[in-house]
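Structure file upload_38.txt with compact mmCIF, C-alpha atoms:
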```txt
# COMPACT_ATOMS: atom_id res chain seq x y z
CA MET A 1 -19.79 23.38 12.81
CA PRO A 2 -21.04 19.95 11.76
CA LEU A 3 -19.19 18.02 9.10
CA PRO A 4 -20.77 18.54 5.68
CA GLU A 5 -23.27 15.91 4.68
CA ILE A 6 -22.43 13.69 1.80
CA PRO A 7 -25.15 12.87 -0.73
CA SER A 8 -26.00 9.20 -1.14
CA LEU A 9 -25.44 7.54 -4.47
CA ARG A 10 -27.99 5.89 -6.69
CA GLU A 11 -25.62 4.93 -9.48
CA PRO A 12 -22.13 4.52 -8.03
CA ARG A 13 -20.66 3.16 -11.22
CA ALA A 14 -21.90 6.08 -13.32
CA TYR A 15 -20.55 8.46 -10.69
CA LEU A 16 -17.21 6.77 -10.92
CA LEU A 17 -16.97 7.22 -14.66
CA ILE A 18 -18.09 10.84 -14.56
CA THR A 19 -15.57 11.63 -11.84
CA ALA A 20 -12.80 9.88 -13.76
CA ASN A 21 -13.66 11.84 -16.90
CA ARG A 22 -13.67 15.13 -15.04
CA LEU A 23 -10.29 14.34 -13.58
CA MET A 24 -8.92 13.62 -17.02
CA ILE A 25 -10.11 16.98 -18.28
CA LYS A 26 -8.59 18.73 -15.28
CA LEU A 27 -5.33 16.99 -15.89
CA ASN A 28 -5.13 18.32 -19.43
CA ARG A 29 -6.03 21.87 -18.51
CA ARG A 30 -3.88 21.98 -15.39
CA HIS A 31 -6.56 23.75 -13.39
CA LYS A 32 -7.40 23.43 -9.77
CA VAL A 33 -9.48 20.41 -8.95
CA GLU A 34 -13.09 21.56 -8.82
CA GLU A 35 -15.17 21.34 -5.68
CA GLU A 36 -17.79 19.43 -7.57
CA THR A 37 -15.30 16.74 -8.53
CA LEU A 38 -14.13 16.49 -4.94
CA LEU A 39 -17.66 16.25 -3.66
CA SER A 40 -18.55 13.39 -5.96
CA MET A 41 -15.25 11.74 -5.01
CA SER A 42 -16.09 11.99 -1.30
CA ALA A 43 -19.55 10.59 -2.06
CA LEU A 44 -17.90 7.65 -3.78
CA ILE A 45 -15.68 7.02 -0.77
CA ALA A 46 -18.56 7.20 1.67
CA ASP A 47 -20.80 4.95 -0.41
CA GLN A 48 -20.92 1.51 1.16
CA SER A 49 -23.51 -0.04 -1.14
CA CYS A 50 -21.12 -1.40 -3.75
CA ARG A 51 -18.63 -3.88 -2.34
CA ASP A 52 -17.48 -5.26 -5.66
CA VAL A 53 -13.70 -5.68 -5.52
CA ALA A 54 -12.96 -4.11 -8.91
CA HIS A 55 -15.21 -1.17 -8.10
CA VAL A 56 -13.55 -0.58 -4.75
CA ALA A 57 -10.10 -0.82 -6.35
CA ALA A 58 -11.14 1.67 -9.05
CA ILE A 59 -12.33 4.15 -6.42
CA ARG A 60 -9.09 3.79 -4.55
CA GLN A 61 -7.11 4.52 -7.69
CA LEU A 62 -9.25 7.56 -8.50
CA LEU A 63 -8.82 8.79 -4.96
CA GLU A 64 -5.07 8.35 -5.25
CA ARG A 65 -4.95 10.41 -8.43
CA THR A 66 -7.22 13.09 -7.04
CA LEU A 67 -4.99 13.38 -4.01
CA LEU A 68 -1.86 13.68 -6.12
CA MET A 69 -3.51 16.48 -8.09
CA LEU A 70 -4.51 18.28 -4.90
CA ILE A 71 -0.92 18.00 -3.72
CA GLU A 72 0.09 19.92 -6.83
CA GLU A 73 -1.74 22.93 -5.42
CA LEU A 74 0.55 23.06 -2.39
CA ASP A 75 3.88 24.75 -1.87
CA GLU A 76 7.03 23.03 -3.07
CA ARG A 77 8.30 21.78 0.31
CA SER A 78 5.04 20.22 1.45
CA ARG A 79 4.52 18.63 -1.92
CA GLN A 80 8.04 17.24 -1.95
CA ALA A 81 7.65 15.76 1.53
CA PHE A 82 4.29 14.21 0.69
CA MET A 83 5.58 12.63 -2.51
CA MET A 84 8.60 11.14 -0.78
CA ALA A 85 6.46 9.75 2.05
CA ARG A 86 3.54 8.36 0.08
CA VAL A 87 4.78 7.76 -3.46
CA ASP A 88 8.37 6.77 -2.76
CA GLY A 89 7.55 5.11 0.55
CA MET A 90 10.42 6.82 2.39
CA THR A 91 10.51 7.00 6.19
CA TYR A 92 10.32 10.38 7.92
CA ALA A 93 14.01 10.05 8.83
CA GLU A 94 14.97 9.42 5.21
CA ILE A 95 12.96 12.43 4.03
CA ALA A 96 14.56 14.63 6.69
CA GLN A 97 17.98 13.64 5.41
CA VAL A 98 17.15 14.41 1.77
CA MET A 99 15.45 17.72 2.58
CA HIS A 100 18.12 18.79 5.09
CA VAL A 101 15.59 19.48 7.80
CA SER A 102 14.61 17.87 11.11
CA GLU A 103 12.21 14.96 11.31
CA SER A 104 9.67 17.07 13.16
CA ARG A 105 9.82 19.63 10.36
CA VAL A 106 9.06 16.81 7.89
CA LYS A 107 6.02 15.87 9.95
CA GLN A 108 4.90 19.51 9.87
CA TYR A 109 5.09 19.53 6.08
CA LEU A 110 3.11 16.31 5.91
CA VAL A 111 0.46 17.49 8.36
CA LYS A 112 0.06 20.63 6.28
CA ALA A 113 -0.30 18.66 3.05
CA LEU A 114 -2.74 16.14 4.48
CA ALA A 115 -4.81 18.77 6.29
CA TYR A 116 -5.03 20.77 3.07
CA CYS A 117 -6.33 17.75 1.13
CA HIS A 118 -8.83 16.97 3.87
CA GLN A 119 -10.13 20.54 3.87
CA ARG A 120 -10.46 20.59 0.10
CA PHE A 121 -12.23 17.25 0.13
CA TYR A 122 -14.65 17.91 2.91
CA ARG A 123 -14.88 21.68 2.57
CA ILE A 124 -14.10 22.38 6.17
CA LYS A 125 -13.41 26.07 6.30
CA ALA A 126 -14.24 27.03 9.85
CA ASP A 127 -11.74 26.76 12.63
CA LEU A 128 -12.59 24.34 15.41
CA HIS A 129 -12.13 26.97 18.07
CA ALA A 130 -13.19 29.97 16.06
CA MET B 1 -6.74 27.71 7.59
CA PRO B 2 -4.94 29.27 10.54
CA LYS B 3 -1.19 29.40 10.13
CA THR B 4 0.09 28.52 13.55
CA ALA B 5 2.39 25.94 15.02
CA ASP B 6 0.34 25.75 18.20
CA SER B 7 -1.77 22.62 17.91
CA ASP B 8 -4.21 23.88 20.55
CA ILE B 9 -5.73 26.36 18.16
CA SER B 10 -5.22 24.54 14.88
CA SER B 11 -8.09 23.33 12.74
CA LEU B 12 -9.89 20.05 12.92
CA SER B 13 -8.22 18.92 9.71
CA GLU B 14 -4.80 19.74 11.07
CA GLN B 15 -5.39 17.87 14.29
CA ALA B 16 -6.67 14.80 12.50
CA ALA B 17 -3.80 15.00 10.00
CA LYS B 18 -1.31 15.31 12.83
CA TRP B 19 -2.52 12.07 14.37
CA ALA B 20 -2.51 10.20 11.07
CA ILE B 21 1.08 11.36 10.40
CA TYR B 22 2.29 10.58 13.93
CA LEU B 23 0.63 7.17 14.07
CA SER B 24 2.16 6.24 10.71
CA ASP B 25 5.52 6.30 12.43
CA ASN B 26 6.74 2.88 13.46
CA GLN B 27 7.00 3.62 17.15
CA VAL B 28 3.99 4.88 19.05
CA SER B 29 4.60 5.40 22.74
CA ASN B 30 2.00 4.65 25.40
CA GLU B 31 1.91 8.35 26.15
CA GLN B 32 1.12 9.25 22.54
CA ARG B 33 -1.53 6.61 22.50
CA ALA B 34 -3.18 8.01 25.63
CA ASP B 35 -3.12 11.50 24.08
CA PHE B 36 -4.67 10.12 20.93
CA GLU B 37 -7.46 8.35 22.79
CA ALA B 38 -8.18 11.50 24.77
CA TRP B 39 -8.37 13.49 21.55
CA LEU B 40 -10.74 10.96 19.97
CA ALA B 41 -13.06 11.12 22.96
CA GLN B 42 -12.96 14.90 23.19
CA ASP B 43 -15.36 15.64 20.35
CA PRO B 44 -17.64 13.41 18.22
CA ARG B 45 -16.22 15.05 15.09
CA HIS B 46 -12.70 13.91 15.92
CA PRO B 47 -13.11 10.18 15.12
CA ILE B 48 -14.93 11.06 11.89
CA ALA B 49 -12.24 13.49 10.77
CA PHE B 50 -9.55 11.00 11.74
CA GLU B 51 -11.19 8.29 9.66
CA GLN B 52 -11.47 10.62 6.65
CA VAL B 53 -7.88 11.80 6.92
CA SER B 54 -6.57 8.24 7.37
CA ASN B 55 -8.47 7.15 4.31
CA LEU B 56 -6.88 9.95 2.26
CA TRP B 57 -3.41 9.27 3.65
CA GLN B 58 -3.58 5.57 2.90
CA SER B 59 -5.17 5.95 -0.52
CA VAL B 60 -1.74 6.53 -2.04
CA ILE B 61 0.19 3.28 -2.01
CA PRO B 62 3.93 3.86 -2.09
CA ARG B 63 6.01 2.32 -4.80
CA LYS B 64 9.74 2.28 -4.43
CA ARG B 65 12.10 3.66 -7.07
CA GLN B 66 9.47 5.32 -9.14
CA SER B 67 9.39 8.99 -9.97
CA TYR B 68 6.04 10.50 -9.19
CA ALA B 69 5.72 12.34 -12.51
CA GLY B 70 4.36 9.24 -14.19
CA ILE B 71 1.67 8.44 -11.68
CA LYS B 72 -0.67 11.29 -12.46
CA SER B 73 -0.17 10.78 -16.15
CA PHE B 74 -2.97 10.75 -18.62
CA VAL B 75 -2.06 7.18 -19.49
CA GLY B 76 -2.80 6.10 -15.94
CA ILE B 77 -6.35 7.34 -15.99
CA ALA B 78 -6.92 6.13 -19.53
CA LEU B 79 -5.80 2.68 -18.42
CA LEU B 80 -8.16 2.85 -15.47
CA LEU B 81 -11.07 3.72 -17.73
CA ALA B 82 -10.07 0.92 -20.07
CA ARG B 83 -10.30 -1.46 -17.13
CA LEU B 84 -13.64 -0.13 -16.03
CA TYR B 85 -15.00 -0.71 -19.49
CA GLY B 86 -13.54 -4.21 -19.42
CA LEU B 87 -10.98 -3.85 -22.17
CA PRO B 88 -8.24 -6.51 -22.18
CA LEU B 89 -4.94 -5.73 -20.54
CA ALA B 90 -2.26 -4.51 -22.90
CA GLU B 91 0.75 -6.68 -23.60
CA TRP B 92 2.94 -4.14 -21.94
CA LEU B 93 1.63 -2.95 -18.60
CA ALA B 94 3.55 -0.59 -16.42
CA ASP B 95 3.17 -0.79 -12.68
CA GLU B 96 0.89 -3.61 -11.70
CA ARG B 97 0.08 -2.92 -8.13
CA THR B 98 -2.11 -4.40 -5.46
CA GLY B 99 -3.70 -2.48 -2.64
CA ILE B 100 -3.93 -3.41 1.01
CA GLY B 101 -5.61 -6.79 1.40
CA GLU B 102 -5.68 -7.43 -2.31
CA VAL B 103 -4.18 -10.60 -3.76
CA ARG B 104 -4.40 -10.49 -7.52
CA ARG B 105 -3.76 -13.04 -10.25
CA ILE B 106 -2.78 -11.64 -13.62
CA THR B 107 -2.56 -13.65 -16.82
CA LEU B 108 0.17 -12.28 -19.05
CA ALA B 109 0.25 -12.05 -22.82
CA ASP B 110 2.16 -15.35 -23.14
CA GLY B 111 -0.25 -17.28 -20.92
CA SER B 112 2.01 -17.17 -17.88
CA ARG B 113 0.40 -16.13 -14.64
CA ILE B 114 1.67 -14.00 -11.82
CA THR B 115 0.05 -13.56 -8.43
CA LEU B 116 0.79 -10.36 -6.57
CA ASN B 117 0.61 -10.35 -2.81
CA SER B 118 -1.05 -7.60 -0.79
CA ASP B 119 0.52 -4.15 -1.06
CA ASN B 120 2.82 -5.04 -3.91
CA ALA B 121 4.34 -3.44 -6.98
CA ALA B 122 5.74 -5.00 -10.14
CA ASP B 123 6.47 -3.87 -13.67
CA ILE B 124 5.88 -6.17 -16.61
CA ALA B 125 8.25 -5.72 -19.54
CA PHE B 126 7.92 -8.19 -22.39
CA ASP B 127 9.81 -7.73 -25.63
CA GLN B 128 11.15 -9.84 -28.51
CA GLN B 129 14.15 -11.07 -26.52
CA GLN B 130 12.79 -11.82 -23.08
CA ARG B 131 9.88 -11.90 -20.69
CA ARG B 132 10.84 -9.72 -17.74
CA ILE B 133 9.02 -8.96 -14.50
CA ILE B 134 10.56 -6.29 -12.31
CA LEU B 135 9.45 -6.72 -8.72
CA GLN B 136 9.56 -3.33 -6.99
CA ARG B 137 8.18 -4.38 -3.65
CA GLY B 138 6.54 -7.31 -1.94
CA ARG B 139 6.10 -10.89 -3.05
CA LEU B 140 5.27 -12.47 -6.36
CA LEU B 141 4.28 -15.99 -7.40
CA THR B 142 5.11 -16.91 -10.97
CA GLU B 143 3.58 -19.71 -13.04
CA VAL B 144 5.47 -19.77 -16.29
CA ALA B 145 3.85 -20.96 -19.51
CA PRO B 146 5.99 -22.27 -22.39
CA ASP B 147 6.66 -19.44 -24.83
CA SER B 148 4.94 -19.69 -28.20
CA MET B 149 7.54 -17.54 -29.97
CA GLN B 150 9.75 -19.32 -32.52
CA THR B 151 12.76 -18.78 -30.31
CA PRO B 152 11.35 -19.21 -26.82
CA ARG B 153 12.14 -16.17 -24.71
CA PRO B 154 13.53 -16.66 -21.20
CA PHE B 155 11.25 -15.73 -18.30
CA VAL B 156 13.01 -13.67 -15.64
CA VAL B 157 11.87 -12.09 -12.39
CA GLU B 158 14.33 -9.46 -11.23
CA ASN B 159 14.48 -7.11 -8.29
CA ARG B 160 16.89 -4.95 -6.30
CA ASP B 161 19.03 -7.92 -5.21
CA GLY B 162 19.22 -10.11 -8.27
CA GLN B 163 17.23 -12.21 -10.67
CA ALA B 164 15.53 -15.59 -10.85
CA LYS B 165 15.29 -17.14 -14.27
CA ALA B 166 12.65 -19.78 -14.86
CA LEU B 167 13.61 -23.13 -16.30
CA GLY B 168 9.91 -23.98 -16.87
CA THR B 169 8.26 -23.57 -13.55
CA ARG B 170 6.35 -22.15 -10.57
CA TYR B 171 8.24 -20.05 -8.06
CA ILE B 172 7.98 -17.15 -5.63
CA VAL B 173 10.24 -14.10 -5.34
CA GLU B 174 9.91 -12.02 -2.22
CA GLN B 175 11.69 -8.73 -1.57
CA LYS B 176 12.24 -7.92 2.08
CA ARG B 177 13.80 -4.90 3.67
CA HIS B 178 17.42 -5.99 3.40
CA ASP B 179 17.35 -9.13 1.27
CA SER B 180 15.25 -11.27 -1.02
CA ILE B 181 14.09 -14.88 -0.95
CA VAL B 182 13.41 -17.14 -3.90
CA ASN B 183 11.23 -20.22 -3.26
CA VAL B 184 10.86 -22.90 -5.91
CA ILE B 185 7.60 -24.88 -5.92
CA GLU B 186 7.99 -26.80 -9.19
CA SER B 187 10.86 -27.61 -11.56
CA GLN B 188 13.99 -25.45 -11.45
CA VAL B 189 15.05 -21.82 -11.24
CA ALA B 190 18.46 -20.24 -11.87
CA VAL B 191 19.17 -17.49 -9.32
CA THR B 192 21.80 -14.78 -9.80
CA SER B 193 22.62 -11.90 -7.49
CA ARG B 194 23.21 -8.41 -8.82
CA ALA B 195 26.53 -8.22 -7.00
CA ARG B 196 27.95 -11.23 -8.89
CA PRO B 197 26.23 -11.50 -12.26
CA GLY B 198 28.57 -14.28 -13.39
CA GLU B 199 27.59 -16.68 -10.64
CA SER B 200 24.30 -18.49 -10.59
CA ILE B 201 22.80 -21.27 -8.50
CA THR B 202 20.14 -23.61 -9.85
CA LEU B 203 17.45 -24.35 -7.29
CA GLN B 204 15.32 -27.49 -7.31
CA ALA B 205 11.68 -27.71 -6.34
CA GLY B 206 11.32 -27.42 -2.57
CA GLN B 207 14.42 -25.32 -2.18
CA SER B 208 14.75 -21.69 -1.25
CA ILE B 209 17.62 -19.27 -1.29
CA ARG B 210 18.34 -15.92 0.31
CA LEU B 211 20.17 -13.20 -1.59
CA ASP B 212 21.15 -9.68 -0.58
CA SER B 213 23.14 -6.84 -2.08
CA GLN B 214 26.40 -8.72 -1.38
CA ARG B 215 25.85 -12.31 -2.35
CA LEU B 216 23.80 -15.49 -2.69
CA HIS B 217 23.49 -17.53 0.50
CA GLN B 218 23.34 -21.33 0.63
CA PRO B 219 20.13 -22.96 -0.64
CA GLU B 220 17.86 -24.27 2.11
CA ALA B 221 14.82 -26.50 2.36
CA SER B 222 11.81 -24.44 1.41
CA THR B 223 9.08 -24.03 3.98
CA THR B 224 6.11 -26.08 2.85
CA PHE B 225 3.81 -23.14 3.33
CA ALA B 226 5.58 -20.63 1.14
CA ALA B 227 2.74 -20.56 -1.37
CA SER B 228 0.00 -20.31 1.25
CA TRP B 229 -0.55 -16.55 0.93
CA VAL B 230 -1.80 -17.15 -2.59
CA ASP B 231 -4.87 -18.63 -0.95
CA ALA B 232 -4.84 -15.69 1.43
CA ARG B 233 -3.66 -17.73 4.43
CA LEU B 234 -0.83 -16.62 6.65
CA VAL B 235 1.08 -19.48 8.27
CA TYR B 236 3.33 -19.03 11.31
CA GLN B 237 5.67 -21.29 13.17
CA ASP B 238 6.71 -19.80 16.52
CA ALA B 239 6.76 -16.29 15.03
CA PRO B 240 6.96 -13.13 17.12
CA LEU B 241 3.56 -11.45 17.36
CA SER B 242 5.08 -8.17 16.17
CA GLN B 243 5.83 -9.94 12.87
CA VAL B 244 2.32 -11.38 12.64
CA ILE B 245 0.80 -7.95 13.27
CA SER B 246 3.02 -6.24 10.73
CA ASP B 247 1.92 -8.85 8.16
CA LEU B 248 -1.75 -8.38 9.02
CA ALA B 249 -1.36 -4.62 8.78
CA ARG B 250 -0.55 -5.06 5.10
CA TYR B 251 -3.91 -6.73 4.54
CA ARG B 252 -5.91 -4.21 6.45
CA GLU B 253 -6.68 -0.53 6.08
CA GLY B 254 -6.09 1.75 9.02
CA PHE B 255 -3.48 1.62 11.75
CA LEU B 256 -2.72 -1.62 13.52
CA LYS B 257 -0.32 -1.11 16.40
CA ILE B 258 1.12 -3.36 19.05
CA ASN B 259 3.01 -2.51 22.23
CA GLU B 260 6.50 -3.85 22.73
CA GLU B 261 5.66 -6.43 25.37
CA ALA B 262 2.85 -8.02 23.36
CA GLY B 263 5.07 -7.96 20.27
CA GLN B 264 7.40 -10.47 21.91
CA LEU B 265 4.73 -13.14 22.34
CA ARG B 266 5.07 -16.10 19.94
CA PHE B 267 2.39 -17.39 17.64
CA THR B 268 2.05 -20.68 15.80
CA GLY B 269 -0.91 -21.21 13.53
CA VAL B 270 -2.78 -20.22 10.41
CA LEU B 271 -4.57 -16.91 9.88
CA PRO B 272 -7.00 -15.89 7.13
CA ALA B 273 -5.36 -12.90 5.45
CA ASP B 274 -8.49 -12.02 3.52
CA ASN B 275 -10.36 -11.53 6.78
CA PRO B 276 -8.12 -9.53 9.12
CA GLU B 277 -10.89 -9.07 11.69
CA ALA B 278 -11.26 -12.86 12.02
CA ALA B 279 -7.46 -13.13 12.18
CA LEU B 280 -7.41 -10.68 15.09
CA SER B 281 -10.03 -12.64 16.97
CA ILE B 282 -8.05 -15.86 16.47
CA LEU B 283 -5.00 -14.12 17.94
CA GLN B 284 -7.06 -12.86 20.85
CA ASN B 285 -8.19 -16.40 21.65
CA ALA B 286 -4.73 -17.89 21.23
CA LEU B 287 -2.66 -15.39 23.17
CA PRO B 288 -2.89 -13.34 26.37
CA ILE B 289 -3.61 -10.10 24.58
CA ARG B 290 -6.23 -7.39 24.65
CA ILE B 291 -7.40 -5.76 21.45
CA LYS B 292 -8.75 -2.27 21.70
CA GLN B 293 -10.45 -0.83 18.67
CA HIS B 294 -11.17 2.84 18.09
CA SER B 295 -13.23 2.71 14.89
CA GLN B 296 -11.87 0.40 12.22
CA TRP B 297 -9.04 2.86 11.59
CA PHE B 298 -7.10 2.39 14.76
CA VAL B 299 -6.51 -0.88 16.55
CA TRP B 300 -4.19 -1.24 19.49
CA ILE B 301 -2.89 -4.56 20.81
CA ASP B 302 -1.74 -4.89 24.42
CA SER B 303 -0.43 -7.74 26.48
CA GLN B 304 -2.73 -8.87 29.26
CA SER B 305 -1.06 -8.19 32.55
```

Go through the file and emit its structure as structure tokens.
Amino acid sequence: MPLPEIPSLREPRAYLLITANRLMIKLNRRHKVEEETLLSMSALIADQSCRDVAHVAAIRQLLERTLLMLIEELDERSRQAFMMARVDGMTYAEIAQVMHVSESRVKQYLVKALAYCHQRFYRIKADLHA
Amino acid sequence: MPKTADSDISSLSEQAAKWAIYLSDNQVSNEQRADFEAWLAQDPRHPIAFEQVSNLWQSVIPRKRQSYAGIKSFVGIALLLARLYGLPLAEWLADERTGIGEVRRITLADGSRITLNSDNAADIAFDQQQRRIILQRGRLLTEVAPDSMQTPRPFVVENRDGQAKALGTRYIVEQKRHDSIVNVIESQVAVTSRARPGESITLQAGQSIRLDSQRLHQPEASTTFAASWVDARLVYQDAPLSQVISDLARYREGFLKINEEAGQLRFTGVLPADNPEAALSILQNALPIRIKQHSQWFVWIDSQS
């Protein structure tokens, strides 16, 4: 299965504002993040045409928030591990101690969380070896 | 998504995520690296997926001592929109942060300026009594303006280890893993450690002091180049290459790894922090190293032997 193609952007800045607005609405309704929002987000990431520093920083912040909302859709343990690793900046060893599990278990939680976000973002449903 | 612990039959996303998680660890063995390179070469989709996953993983910049509930708050996004529309920054701003490679100057409500180094976090808390900056992580240059309030408020930068109170001045506070360093560029700064709030040392321009959770150390002559990162230059005097690479990694997206042997080489010189690729090529010319790049997301540095 090829990776899904990402549409190119004609108006990156407008895209950015629309995506930000959608995210705000989602946040209030506490719904799952829509595929459409994720698709426009991935288009924003892939778009190389706008290298303005403020624009790039804004996209990064949107991406961060989108990711944190996606993490909300996961189970408690994976979410907890992800938050400690990325938001609190804890090492794997520190997380293992807090969660009372092994370090390799922590990595499993994180792999699960990150893989989930990647699949949601890029809509990869098929198994590599399926 | 198949639920299995066996990586051989796991999905593309899981494989890519596994590598991003494993490579984020401080130590990457030569064996792991060989496995990773083999995986990258195995399928043209692998490097693409790895790049996507790395981008997602690194899009969240950690901030220490901050509950995550606040980050996805409505206020956060509203503030972002306000910035996009070019509205002025509020007098009270929670969580000023800089991303990888970003050095940002911020003018505060009182006219003072702070410059945040790459990958940094600071809170700004001004009220009627004082002007407070809480440095959560990284390094901060402060240029204090005289306060226009009737009773001038003190200007204080505080962090985990203590506080540095301006006596009209320009200074840098840097928080490291186990201690903090205050460097005074102009005028004077009173430094107090958290452990002994009653004791303070007044530093003169050109002096620096180290403080940790226990105490204040003796003031020392400040290195001339302390303020150089503000101009996005990194200056080294006989520094271990591992240190140089870990600094550069903060200015660059993706994974920048060095093997142990190469990490022990010493480097003296100036590197452009705002152009990490140029910095890497300077290092390559200066030292017996080999730089191997697998897409911009993974760079491995070896010693030449």

Given only C-alpha atoms, how would the per-residue table for chain A near chain B read, listing every residue at most 6 Å away with its closest atom pair and distance in Å to one decimal, sorted by chain and number, as JSON lines?
```
{"residue": "A:Glu64", "atom": "CA", "partner": "B:Val60", "partner_atom": "CA", "distance": 5.0}
{"residue": "A:Arg65", "atom": "CA", "partner": "B:Lys72", "partner_atom": "CA", "distance": 5.9}
{"residue": "A:Arg86", "atom": "CA", "partner": "B:Pro62", "partner_atom": "CA", "distance": 5.0}
{"residue": "A:Val87", "atom": "CA", "partner": "B:Pro62", "partner_atom": "CA", "distance": 4.2}
{"residue": "A:Asp88", "atom": "CA", "partner": "B:Lys64", "partner_atom": "CA", "distance": 5.0}
{"residue": "A:Gly89", "atom": "CA", "partner": "B:Pro62", "partner_atom": "CA", "distance": 4.7}
{"residue": "A:Val111", "atom": "CA", "partner": "B:Ala17", "partner_atom": "CA", "distance": 5.2}
{"residue": "A:Leu114", "atom": "CA", "partner": "B:Ala17", "partner_atom": "CA", "distance": 5.7}
{"residue": "A:Ala115", "atom": "CA", "partner": "B:Ser13", "partner_atom": "CA", "distance": 4.8}
{"residue": "A:Asp127", "atom": "CA", "partner": "B:Ser11", "partner_atom": "CA", "distance": 5.0}
{"residue": "A:Leu128", "atom": "CA", "partner": "B:Ser11", "partner_atom": "CA", "distance": 5.3}
```

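Here atom CA of Ser242 of chain B and atom CA of Leu287 of chain B stand 12.7 Å from one another.
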
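Distances to Gln237 of chain B were evaluated for B:Ile114, B:Leu271, B:Ile289, B:Met149 using all atoms listed in the file, and the minimum falls at B:Leu271.
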
field: Length of the atom CA of Ala166 of chain B to atom CA of Val189 of chain B vector [Å]
entry: 4.8 Å

What's around segment 69-82 of chain A at 6 Å? Count only C-alpha atoms, leave out sequence neighbours fewer than 3 positions away in its own chain, and write the answer as a JSON list (two decimals) with C-alpha atoms, in the coordinates of the input.
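Final file, result.json:
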```
[["chain", "number", "residue", "atom", "x", "y", "z"],
["A", 66, "THR", "CA", -7.22, 13.09, -7.04],
["A", 85, "ALA", "CA", 6.46, 9.75, 2.05],
["A", 86, "ARG", "CA", 3.54, 8.36, 0.08],
["A", 109, "TYR", "CA", 5.09, 19.53, 6.08],
["A", 110, "LEU", "CA", 3.11, 16.31, 5.91],
["A", 113, "ALA", "CA", -0.30, 18.66, 3.05]]
```
